[in-house]
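Pasted below: my_file_0.tsv, TSV, C-alpha atoms.
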chain	number	residue	atom	x	y	z
N	293	MET	CA	93.63	126.37	97.22
N	294	ARG	CA	92.69	122.94	98.57
N	295	ARG	CA	91.71	122.79	102.23
N	296	LEU	CA	93.03	119.35	103.11
N	297	PRO	CA	93.50	117.71	106.52
N	298	PRO	CA	96.89	116.24	107.50
N	299	LEU	CA	97.80	113.12	105.55
N	300	GLY	CA	98.64	111.24	108.77
N	301	ALA	CA	95.13	111.88	110.10
N	302	LEU	CA	93.58	110.59	106.88
N	303	ARG	CA	95.74	107.44	106.95
N	304	ALA	CA	94.78	106.76	110.58
N	305	PHE	CA	91.07	107.28	109.83
N	306	GLU	CA	91.12	105.05	106.72
N	307	ALA	CA	92.88	102.19	108.52
N	308	ALA	CA	90.63	102.43	111.60
N	309	ALA	CA	87.47	102.70	109.48
N	310	ARG	CA	88.46	99.74	107.32
N	311	ARG	CA	89.30	97.55	110.31
N	312	LEU	CA	86.83	99.11	112.81
N	313	SER	CA	89.57	98.88	115.41
N	314	PHE	CA	92.08	101.47	116.63
N	315	LYS	CA	94.33	98.65	117.82
N	316	ASP	CA	94.38	96.87	114.45
N	317	ALA	CA	94.93	100.18	112.67
N	318	ALA	CA	97.85	100.90	115.01
N	319	ASP	CA	99.39	97.50	114.23
N	320	GLU	CA	99.06	98.14	110.49
N	321	LEU	CA	100.63	101.60	110.59
N	322	GLY	CA	103.27	100.88	113.22
N	323	LEU	CA	101.70	103.30	115.72
N	324	THR	CA	100.03	103.02	119.10
N	325	PRO	CA	96.24	102.99	119.55
N	326	THR	CA	96.60	106.29	121.40
N	327	ALA	CA	98.33	107.84	118.39
N	328	ILE	CA	95.57	106.57	116.10
N	329	SER	CA	92.94	108.07	118.38
N	330	HIS	CA	94.82	111.39	118.45
N	331	GLN	CA	95.03	111.51	114.64
N	332	VAL	CA	91.33	110.68	114.31
N	333	ARG	CA	90.44	113.49	116.73
N	334	LEU	CA	92.54	115.89	114.64
N	335	LEU	CA	90.55	114.87	111.56
N	336	GLU	CA	87.26	115.21	113.44
N	337	ALA	CA	88.25	118.71	114.50
N	338	HIS	CA	89.15	119.54	110.91
N	339	CYS	CA	85.84	118.16	109.59
N	340	GLY	CA	83.72	119.51	112.43
N	341	ALA	CA	81.98	116.16	112.92
N	342	LYS	CA	82.40	112.92	114.87
N	343	LEU	CA	83.56	110.12	112.60
N	344	PHE	CA	83.33	107.15	115.01
N	345	ARG	CA	80.96	105.98	117.71
N	346	ARG	CA	83.38	104.80	120.40
N	347	ARG	CA	80.72	103.74	122.92
N	348	PRO	CA	79.15	101.29	123.28
N	349	ARG	CA	81.61	98.89	121.75
N	350	PRO	CA	82.36	97.69	119.11
N	351	LEU	CA	83.75	100.70	117.24
N	352	ALA	CA	81.41	101.92	114.50
N	353	LEU	CA	81.36	104.69	111.92
N	354	THR	CA	78.98	107.59	112.36
N	355	GLU	CA	76.96	108.81	109.40
N	356	ALA	CA	79.66	111.40	108.70
N	357	GLY	CA	82.41	108.76	108.93
N	358	ALA	CA	80.58	106.43	106.56
N	359	LYS	CA	80.16	109.31	104.10
N	360	LEU	CA	83.85	110.26	104.30
N	361	LEU	CA	85.39	106.77	104.05
N	362	PRO	CA	84.73	106.02	100.32
N	363	GLY	CA	86.37	109.29	99.24
N	364	VAL	CA	89.42	108.81	101.44
N	365	ARG	CA	89.81	105.17	100.43
N	366	ASP	CA	89.43	105.96	96.72
N	367	GLY	CA	91.87	108.83	97.10
N	368	PHE	CA	94.56	106.57	98.55
N	369	ASP	CA	93.88	104.00	95.83
N	370	ALA	CA	94.25	106.71	93.17
N	371	LEU	CA	97.53	107.88	94.70
N	372	ALA	CA	98.86	104.32	94.72
N	373	ARG	CA	97.91	103.85	91.07
N	374	ALA	CA	99.48	107.18	90.09
N	375	VAL	CA	102.77	106.32	91.79
N	376	GLY	CA	102.71	102.79	90.38
N	377	ALA	CA	102.13	104.13	86.88
N	378	LEU	CA	105.45	105.94	87.02
N	379	GLY	CA	107.22	102.61	87.02
N	380	VAL	CA	109.71	103.92	89.58
N	381	GLU	CA	110.28	102.27	92.94
N	382	PRO	CA	110.06	104.76	95.84
N	383	ASP	CA	113.27	105.37	97.70
N	384	PRO	CA	113.65	103.07	100.72
N	385	LEU	CA	113.60	104.50	104.20
N	386	ARG	CA	117.25	104.71	105.28
N	387	VAL	CA	117.85	103.81	108.92
N	388	THR	CA	121.27	103.87	110.55
N	389	ALA	CA	122.39	102.46	113.89
N	390	THR	CA	125.47	100.82	115.35
N	391	GLY	CA	126.59	97.54	113.83
N	392	ALA	CA	125.87	95.35	116.85
N	393	PHE	CA	122.39	96.84	117.33
N	394	VAL	CA	121.54	96.30	113.65
N	395	SER	CA	122.81	92.73	113.47
N	396	ARG	CA	121.70	91.38	116.84
N	397	TRP	CA	118.54	93.32	117.76
N	398	LEU	CA	117.02	95.16	114.80
N	399	THR	CA	117.41	92.69	111.94
N	400	PRO	CA	115.83	89.70	113.74
N	401	ARG	CA	112.73	91.85	114.38
N	402	LEU	CA	112.29	93.53	110.99
N	403	ALA	CA	109.86	90.88	109.77
N	404	GLY	CA	107.24	92.56	111.97
N	405	TRP	CA	107.77	95.91	110.25
N	406	ARG	CA	107.77	94.38	106.77
N	407	GLU	CA	104.55	92.49	107.52
N	408	ALA	CA	102.83	95.75	108.50
N	409	HIS	CA	104.41	97.78	105.66
N	410	PRO	CA	105.15	95.43	102.75
N	411	ASP	CA	105.21	98.31	100.27
N	412	ILE	CA	107.92	100.30	102.08
N	413	GLY	CA	111.52	99.39	101.36
N	414	LEU	CA	114.18	99.71	104.04
N	415	SER	CA	117.87	100.44	103.68
N	416	VAL	CA	119.52	99.58	107.01
N	417	ILE	CA	123.01	100.91	107.58
N	418	GLY	CA	125.00	99.41	110.44
N	419	ALA	CA	127.87	101.82	110.99
N	420	ASP	CA	130.01	102.79	113.94
N	421	ARG	CA	130.72	106.20	112.44
N	422	VAL	CA	128.06	108.87	112.82
N	423	LEU	CA	126.21	109.32	109.53
N	424	SER	CA	125.03	112.83	108.74
N	425	LEU	CA	121.29	113.34	108.38
N	426	ASP	CA	121.76	116.88	107.06
N	427	ASN	CA	124.00	115.60	104.26
N	428	GLY	CA	121.40	113.01	103.26
N	429	GLU	CA	123.32	109.90	104.37
N	430	ALA	CA	120.25	108.58	106.24
N	431	ASP	CA	116.66	109.51	107.06
N	432	LEU	CA	116.63	108.20	110.63
N	433	ALA	CA	119.47	107.54	113.07
N	434	ILE	CA	119.28	105.53	116.26
N	435	ARG	CA	122.01	107.26	118.26
N	436	TYR	CA	123.63	105.45	121.16
N	437	ALA	CA	124.63	107.98	123.80
N	438	ARG	CA	124.95	108.57	127.54
N	439	ALA	CA	122.50	111.50	127.29
N	440	ALA	CA	120.13	112.68	124.58
N	441	PRO	CA	121.95	114.15	121.54
N	442	PRO	CA	120.70	117.49	120.14
N	443	GLY	CA	117.33	117.12	118.45
N	444	ALA	CA	116.76	113.58	119.71
N	445	GLU	CA	113.38	112.10	120.57
N	446	ALA	CA	112.84	110.36	123.92
N	447	GLU	CA	115.03	107.29	124.33
N	448	ILE	CA	113.65	103.95	123.19
N	449	PHE	CA	115.44	101.97	125.89
N	450	ARG	CA	118.68	101.93	127.91
N	451	ASP	CA	121.07	99.05	128.45
N	452	ARG	CA	123.38	97.64	131.13
N	453	TYR	CA	126.70	95.86	130.69
N	454	PHE	CA	127.31	92.34	132.03
N	455	PRO	CA	130.17	89.86	131.54
N	456	VAL	CA	128.88	87.12	129.22
N	457	CYS	CA	130.41	83.95	127.82
N	458	GLY	CA	129.56	80.60	126.29
N	459	PRO	CA	128.13	78.08	128.78
N	460	ALA	CA	131.11	75.75	128.30
N	461	LEU	CA	133.42	78.26	130.02
N	462	VAL	CA	131.64	77.91	133.38
N	463	ARG	CA	130.69	74.62	134.94
N	464	PRO	CA	126.93	73.91	135.25
N	465	GLY	CA	125.62	76.06	138.07
N	466	GLY	CA	129.04	77.73	138.35
N	467	ALA	CA	127.93	81.24	137.38
N	468	PRO	CA	127.94	83.88	138.67
N	469	LEU	CA	131.69	83.99	139.20
N	470	ALA	CA	133.58	86.08	141.72
N	471	PRO	CA	135.63	88.88	140.11
N	472	ALA	CA	138.93	87.13	140.92
N	473	ALA	CA	137.74	83.91	139.26
N	474	LEU	CA	136.42	85.80	136.26
N	475	ALA	CA	139.77	87.57	135.84
N	476	ARG	CA	141.43	84.18	135.31
N	477	LEU	CA	139.29	83.50	132.23
N	478	PRO	CA	140.25	84.85	128.79
N	479	LEU	CA	138.90	88.41	128.59
N	480	ILE	CA	137.59	89.84	125.31
N	481	ARG	CA	137.68	93.60	124.77
N	482	PHE	CA	136.26	95.82	122.02
N	483	ASP	CA	137.22	99.42	121.31
N	484	TRP	CA	135.12	102.39	122.31
N	485	PHE	CA	135.50	105.01	119.61
N	486	ALA	CA	134.04	107.82	121.69
N	487	LYS	CA	136.52	109.09	124.24
N	488	ASP	CA	134.25	108.60	127.22
N	489	PRO	CA	136.17	108.13	130.49
N	490	THR	CA	133.06	106.53	132.03
N	491	ALA	CA	132.62	103.97	129.23
N	492	PRO	CA	131.57	100.52	130.54
N	493	ASP	CA	134.77	98.63	129.75
N	494	TRP	CA	136.66	95.92	131.64
N	495	ASP	CA	138.73	98.39	133.67
N	496	ALA	CA	135.58	100.13	134.89
N	497	TRP	CA	133.87	96.81	135.60
N	498	PHE	CA	136.69	95.44	137.76
N	499	ASP	CA	136.96	98.80	139.55
N	500	ALA	CA	133.28	98.52	140.43
N	501	ALA	CA	133.24	94.79	141.18
N	502	SER	CA	136.59	94.21	142.93
N	503	GLY	CA	138.39	95.58	145.91
N	504	GLY	CA	141.56	94.94	147.89
N	505	ASP	CA	143.06	91.52	147.24
N	506	ASP	CA	140.28	90.66	144.77
N	507	ALA	CA	141.39	93.30	142.26
N	508	PRO	CA	143.25	91.79	139.26
N	509	ARG	CA	146.62	93.09	138.26
N	510	ARG	CA	146.86	96.01	135.86
N	511	PRO	CA	147.01	96.23	132.94
N	512	LEU	CA	144.35	93.57	132.56
N	513	PRO	CA	145.42	90.45	130.62
N	514	ILE	CA	143.24	90.80	127.51
N	515	ALA	CA	143.12	87.60	125.46
N	516	LEU	CA	141.31	89.04	122.41
N	517	ARG	CA	140.71	92.59	121.27
N	518	TYR	CA	138.29	93.66	118.54
N	519	ARG	CA	137.39	96.91	116.90
N	520	GLU	CA	133.70	95.95	116.64
N	521	GLU	CA	131.42	94.83	119.48
N	522	ALA	CA	129.63	92.43	117.13
N	523	HIS	CA	132.91	90.56	116.61
N	524	ALA	CA	133.54	90.38	120.35
N	525	ILE	CA	130.09	88.83	120.78
N	526	GLU	CA	130.87	86.23	118.12
N	527	ALA	CA	134.08	85.34	119.94
N	528	ALA	CA	132.14	84.88	123.19
N	529	LEU	CA	129.52	82.76	121.40
N	530	THR	CA	132.23	80.42	120.15
N	531	GLY	CA	133.61	79.93	123.66
N	532	GLN	CA	136.80	81.96	123.24
N	533	GLY	CA	136.41	84.06	126.36
N	534	VAL	CA	134.28	86.49	128.37
N	535	ALA	CA	133.05	89.74	126.82
N	536	LEU	CA	131.51	92.72	128.59
N	537	CYS	CA	128.38	93.42	126.52
N	538	GLY	CA	125.21	95.46	126.60
N	539	ASP	CA	122.25	93.36	127.66
N	540	ILE	CA	120.06	94.47	124.75
N	541	VAL	CA	122.23	93.13	121.93
N	542	VAL	CA	122.88	89.79	123.66
N	543	ALA	CA	119.44	89.24	125.20
N	544	ASP	CA	118.34	86.80	122.48
N	545	ASP	CA	121.53	84.79	122.97
N	546	LEU	CA	121.03	84.75	126.75
N	547	ALA	CA	117.41	83.67	126.40
N	548	ALA	CA	118.41	80.85	124.03
N	549	GLY	CA	121.24	79.69	126.29
N	550	ARG	CA	123.93	80.45	123.73
N	551	LEU	CA	125.47	82.85	126.26
N	552	VAL	CA	125.32	82.99	130.05
N	553	ARG	CA	126.02	85.81	132.47
N	554	ALA	CA	129.36	85.18	134.11
N	555	SER	CA	128.45	87.70	136.83
N	556	ASP	CA	125.36	89.57	137.99
N	557	ILE	CA	127.39	92.73	138.58
N	558	ALA	CA	126.50	95.28	135.90
N	559	LEU	CA	127.63	98.71	134.75
N	560	PRO	CA	125.16	101.34	133.52
N	561	GLY	CA	125.09	101.63	129.76
N	562	TYR	CA	123.73	104.17	127.33
N	563	GLY	CA	120.37	105.07	125.79
N	564	PHE	CA	119.10	104.55	122.23
N	565	TYR	CA	117.70	107.80	120.82
N	566	PRO	CA	115.84	108.33	117.50
N	567	VAL	CA	117.08	111.39	115.61
N	568	PHE	CA	115.70	112.78	112.35
N	569	ARG	CA	115.34	116.13	110.62
N	570	ALA	CA	112.40	118.15	111.92
N	571	LYS	CA	111.31	119.18	108.39
N	572	ASP	CA	112.00	115.89	106.65
N	573	PRO	CA	109.34	115.41	103.93
N	574	ARG	CA	109.07	111.74	104.94
N	575	ARG	CA	108.48	112.54	108.58
N	576	PRO	CA	105.15	110.62	108.85
N	577	LEU	CA	106.89	107.47	107.63
N	578	ILE	CA	109.87	108.05	109.93
N	579	GLU	CA	107.56	108.57	112.90
N	580	ALA	CA	105.71	105.35	112.01
N	581	PHE	CA	109.01	103.44	112.08
N	582	VAL	CA	109.99	105.02	115.42
N	583	ALA	CA	106.57	104.10	116.85
N	584	TRP	CA	107.10	100.52	115.65
N	585	LEU	CA	110.53	100.47	117.31
N	586	ARG	CA	109.03	101.62	120.62
N	587	LYS	CA	106.22	99.10	120.45
N	588	THR	CA	108.65	96.29	119.61
N	589	ALA	CA	111.05	97.33	122.37
N	590	ALA	CA	108.21	97.30	124.90
N	591	GLY	CA	106.86	93.95	123.76
N	592	PRO	CA	107.05	90.80	125.88
N	593	ALA	CA	109.70	89.17	123.67
N	594	SER	CA	111.74	92.30	123.35
N	595	PRO	CA	115.11	92.37	125.07
N	596	GLY	CA	117.34	95.34	125.39
N	597	ALA	CA	120.92	96.30	123.32
N	598	GLY	CA	124.38	97.83	123.53
N	599	GLN	CA	127.14	99.38	121.52
N	600	LYS	CA	130.15	101.38	122.08
N	601	GLY	CA	130.33	105.08	122.64
N	602	VAL	CA	128.18	107.99	121.56
N	603	ARG	CA	126.97	107.26	118.04
How would this structure read if it were set down as structure tokens?
Amino acid sequence: MRRLPPLGALRAFEAAARRLSFKDAADELGLTPTAISHQVRLLEAHCGAKLFRRRPRPLALTEAGAKLLPGVRDGFDALARAVGALGVEPDPLRVTATGAFVSRWLTPRLAGWREAHPDIGLSVIGADRVLSLDNGEADLAIRYARAAPPGAEAEIFRDRYFPVCGPALVRPGGAPLAPAALARLPLIRFDWFAKDPTAPDWDAWFDAASGGDDAPRRPLPIALRYREEAHAIEAALTGQGVALCGDIVVADDLAAGRLVRASDIALPGYGFYPVFRAKDPRRPLIEAFVAWLRKTAAGPASPGAGQKGVR
């Protein structure tokens, strides 16, 4: 029986040894430098020898590391040739999330993942229904929920809901608007499929923002109603009214000036939680994608996102 170390540890070692940088290896594999260091230490414990000289800088291979690298590198090359010889494309990694998150946050950022992993195909499923991981509908789900769903990893980020609209709807320098003034503009609503009485919708926003004579009449005069949040955002972008949206999915539009905040009053939103099967055979690849998501979400150009209900 072969006594082999974990594949993830070997991949981390090979990338770090080839680049002589934990940071560059982390960028290549979609992990953090800390995760690379942890995997290398696992391999060192398995081998019973130090593989890198970490001090003084720069990073360098020890004698044991230099002896191990050719075998690991050739082994990965042989695996790639064996898979390629089959003439069959590997199944893409299937990732599901809500439609607005996929279209307005994830898709514009996927070039970074594809640059780091050009050989890994992705199948991205934007769906407002909850796809079943146990039934094989997806490998990884980014659930949108008030609290962590069963089996979820730590949340990637959490959003807040603001009224947003096209800049033409408010005069230059006219935002933020008072609740009474905002209520006189065309309001755009989208449906929350989850029956959450605390959902951040227009009724909840005006309850939080208004009081006494400032409260608009009920029921609220809704100009447009959509089933999908992504469609409500498009209506706001084309100047048709004000939509109450999560700040993550509209952050790019706000930064570019395509949308403006009609008010600084916000409602708390939900968190985005990665969920996958604990014994999934592709778990190392799934974890690499989740690590890339976290790194991208924490990056300087990374905004935050929103969707409706527990997904």
Can you write out as a tab-separated table which residues of stretch 400-464 of chain N fall within 6 Å of stretch 516-537 of chain N, alongside each residue's closest atom pair and its distance in Å to one decimal, counting all atoms listed in the file and ordering rows by chain and ascending residue number?
residue	atom	partner	partner_atom	distance
N:Tyr453	CA	N:Cys537	CA	5.1
N:Phe454	CA	N:Leu536	CA	5.4
N:Pro455	CA	N:Leu536	CA	4.3
N:Val456	CA	N:Ala535	CA	5.5
N:Cys457	CA	N:Val534	CA	4.7
N:Gly458	CA	N:Gly531	CA	4.9
Kindly save the residues from that selection, with C-alpha atoms included, as a PDB file, in the coordinates of the input.
ATOM      1  CA  TYR N 453     126.700  95.860 130.690  1.00  0.00           C
ATOM      2  CA  PHE N 454     127.310  92.340 132.030  1.00  0.00           C
ATOM      3  CA  PRO N 455     130.170  89.860 131.540  1.00  0.00           C
ATOM      4  CA  VAL N 456     128.880  87.120 129.220  1.00  0.00           C
ATOM      5  CA  CYS N 457     130.410  83.950 127.820  1.00  0.00           C
ATOM      6  CA  GLY N 458     129.560  80.600 126.290  1.00  0.00           C
TER       7      GLY N 458
END
With all atoms listed in the file as the basis for distance, which of N:Val541, N:Leu512, N:Val375, N:Ile417 is at the shortest distance from N:Pro400?
N:Val541
Where's the centre, and what are the edge lengths in Å to one decimal, of a box along x, y and z enclosing all listed atoms of stretch 404-411 of chain N padded 3 Å per side, as JSON?
{"center_x": 105.3, "center_y": 95.4, "center_z": 106.1, "size_x": 10.9, "size_y": 11.8, "size_z": 17.7}
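For the set N:Ala543, N:Leu474, N:Glu579, N:Glu445, the residue with the smallest atom-to-atom gap to N:Val567 is N:Glu445, counting only C-alpha atoms.
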Find the residues with any atom within 10 Å of (105.7, 108.3, 118.2); use all atoms listed in the file and the coordinates as given in the file, and write the answer as a ChimeraX atom specification.
/N:322-324,326-327,445-446,576,578-587
So the first atom is atom CA of N:Lys315 and the second is atom CA of N:Arg575; what is the distance between them in Å, to one decimal place?
21.9 Å
So the first atom is atom CA of N:Thr390 and the second is atom CA of N:Glu447; what is the distance between them in Å, to one decimal place?
15.2 Å
For stretch 303-305 of chain N, work out the shell of residues within 9 Å, counting all atoms listed in the file and skipping chain neighbours fewer than 5 positions away, then give it as a ChimeraX atom specification.
/N:298,310,314,317-318,321,327-329,331-332,335,343,357,361,364,368
For N:Ile412, list every protein, DNA or RNA residue within 10 Å, evaluated using all atoms listed in the file, and leave out those in the same chain fewer than 2 positions away; present the list as a PyMOL selection string.
chain N and resi 381-385+405-406+408-410+414+577
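Here atom CA of N:Ala308 is placed at a distance of 23.6 Å from atom CA of N:Ala589.
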Step by step: start from the point (118.6, 109.3, 101.0) in the file's coordinates, keep every protein, DNA or RNA residue that has an atom no farther than 10 Å from it, count only C-alpha atoms, and write the set as a ChimeraX atom specification.
/N:383-387,415,425,427-432
Nearest to N:Pro459, chosen from N:Arg396, N:Arg435, N:Arg550, N:Arg401, with only C-alpha atoms counted in the distances:
N:Arg550
So which one's closest to N:Ala337, N:Ala307, N:Arg574, N:Pro297, N:Asp366? Using only C-alpha atoms, please.
N:Pro297
Taking all atoms listed in the file into account, which of N:Ala433, N:Ala515, N:Ala356, N:Val552 comes nearest N:Pro468?
N:Val552
Quick one: residues within 12 Å of N:Pro511, only C-alpha atoms, excluding same-chain residues fewer than 5 positions away - as an mmCIF file with C-alpha atoms, in the coordinates of the input?
data_model
loop_
_atom_site.group_PDB
_atom_site.id
_atom_site.type_symbol
_atom_site.label_atom_id
_atom_site.label_comp_id
_atom_site.auth_asym_id
_atom_site.auth_seq_id
_atom_site.Cartn_x
_atom_site.Cartn_y
_atom_site.Cartn_z
ATOM 1 C CA ALA N 475 139.770 87.570 135.840
ATOM 2 C CA TRP N 494 136.660 95.920 131.640
ATOM 3 C CA ASP N 495 138.730 98.390 133.670
ATOM 4 C CA PHE N 498 136.690 95.440 137.760
#
Kindly add N, CA and C atoms to the incomplete stretch 293-312 of chain N and provide the output as a PDB file, in the frame of the given file.
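Printed below is selection_4.pdb as written:
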ATOM      1  N   MET N 293      92.699 127.153  96.401  1.00  0.00           N
ATOM      2  CA  MET N 293      93.630 126.370  97.220  1.00  0.00           C
ATOM      3  C   MET N 293      92.862 125.287  97.971  1.00  0.00           C
ATOM      4  N   ARG N 294      93.378 124.042  97.914  1.00  0.00           N
ATOM      5  CA  ARG N 294      92.690 122.940  98.570  1.00  0.00           C
ATOM      6  C   ARG N 294      92.804 123.054 100.086  1.00  0.00           C
ATOM      7  N   ARG N 295      91.699 122.808 100.767  1.00  0.00           N
ATOM      8  CA  ARG N 295      91.710 122.790 102.230  1.00  0.00           C
ATOM      9  C   ARG N 295      91.697 121.324 102.667  1.00  0.00           C
ATOM     10  N   LEU N 296      92.899 120.766 102.823  1.00  0.00           N
ATOM     11  CA  LEU N 296      93.030 119.350 103.110  1.00  0.00           C
ATOM     12  C   LEU N 296      93.500 119.119 104.544  1.00  0.00           C
ATOM     13  N   PRO N 297      93.008 118.065 105.175  1.00  0.00           N
ATOM     14  CA  PRO N 297      93.500 117.710 106.520  1.00  0.00           C
ATOM     15  C   PRO N 297      94.868 117.056 106.409  1.00  0.00           C
ATOM     16  N   PRO N 298      95.576 116.886 107.530  1.00  0.00           N
ATOM     17  CA  PRO N 298      96.890 116.240 107.500  1.00  0.00           C
ATOM     18  C   PRO N 298      96.801 114.821 106.955  1.00  0.00           C
ATOM     19  N   LEU N 299      97.795 114.441 106.154  1.00  0.00           N
ATOM     20  CA  LEU N 299      97.800 113.120 105.550  1.00  0.00           C
ATOM     21  C   LEU N 299      97.816 112.029 106.621  1.00  0.00           C
ATOM     22  N   GLY N 300      98.587 112.237 107.705  1.00  0.00           N
ATOM     23  CA  GLY N 300      98.640 111.240 108.770  1.00  0.00           C
ATOM     24  C   GLY N 300      97.283 110.981 109.396  1.00  0.00           C
ATOM     25  N   ALA N 301      96.472 112.040 109.531  1.00  0.00           N
ATOM     26  CA  ALA N 301      95.130 111.880 110.100  1.00  0.00           C
ATOM     27  C   ALA N 301      94.240 111.085 109.150  1.00  0.00           C
ATOM     28  N   LEU N 302      94.374 111.340 107.855  1.00  0.00           N
ATOM     29  CA  LEU N 302      93.580 110.590 106.880  1.00  0.00           C
ATOM     30  C   LEU N 302      93.975 109.117 106.862  1.00  0.00           C
ATOM     31  N   ARG N 303      95.288 108.831 106.937  1.00  0.00           N
ATOM     32  CA  ARG N 303      95.740 107.440 106.950  1.00  0.00           C
ATOM     33  C   ARG N 303      95.210 106.713 108.187  1.00  0.00           C
ATOM     34  N   ALA N 304      95.263 107.383 109.340  1.00  0.00           N
ATOM     35  CA  ALA N 304      94.780 106.760 110.580  1.00  0.00           C
ATOM     36  C   ALA N 304      93.278 106.491 110.486  1.00  0.00           C
ATOM     37  N   PHE N 305      92.521 107.462 109.960  1.00  0.00           N
ATOM     38  CA  PHE N 305      91.070 107.280 109.830  1.00  0.00           C
ATOM     39  C   PHE N 305      90.756 106.118 108.875  1.00  0.00           C
ATOM     40  N   GLU N 306      91.428 106.083 107.712  1.00  0.00           N
ATOM     41  CA  GLU N 306      91.120 105.050 106.720  1.00  0.00           C
ATOM     42  C   GLU N 306      91.405 103.658 107.266  1.00  0.00           C
ATOM     43  N   ALA N 307      92.547 103.500 107.962  1.00  0.00           N
ATOM     44  CA  ALA N 307      92.880 102.190 108.520  1.00  0.00           C
ATOM     45  C   ALA N 307      91.905 101.790 109.621  1.00  0.00           C
ATOM     46  N   ALA N 308      91.560 102.737 110.508  1.00  0.00           N
ATOM     47  CA  ALA N 308      90.630 102.430 111.600  1.00  0.00           C
ATOM     48  C   ALA N 308      89.233 102.154 111.073  1.00  0.00           C
ATOM     49  N   ALA N 309      88.810 102.906 110.046  1.00  0.00           N
ATOM     50  CA  ALA N 309      87.470 102.700 109.480  1.00  0.00           C
ATOM     51  C   ALA N 309      87.386 101.373 108.737  1.00  0.00           C
ATOM     52  N   ARG N 310      88.455 101.001 108.061  1.00  0.00           N
ATOM     53  CA  ARG N 310      88.460  99.740 107.320  1.00  0.00           C
ATOM     54  C   ARG N 310      88.464  98.549 108.262  1.00  0.00           C
ATOM     55  N   ARG N 311      89.171  98.668 109.375  1.00  0.00           N
ATOM     56  CA  ARG N 311      89.300  97.550 110.310  1.00  0.00           C
ATOM     57  C   ARG N 311      88.321  97.647 111.488  1.00  0.00           C
ATOM     58  N   LEU N 312      87.706  98.840 111.669  1.00  0.00           N
ATOM     59  CA  LEU N 312      86.830  99.110 112.810  1.00  0.00           C
ATOM     60  C   LEU N 312      87.520  98.731 114.127  1.00  0.00           C
TER      61      LEU N 312
END
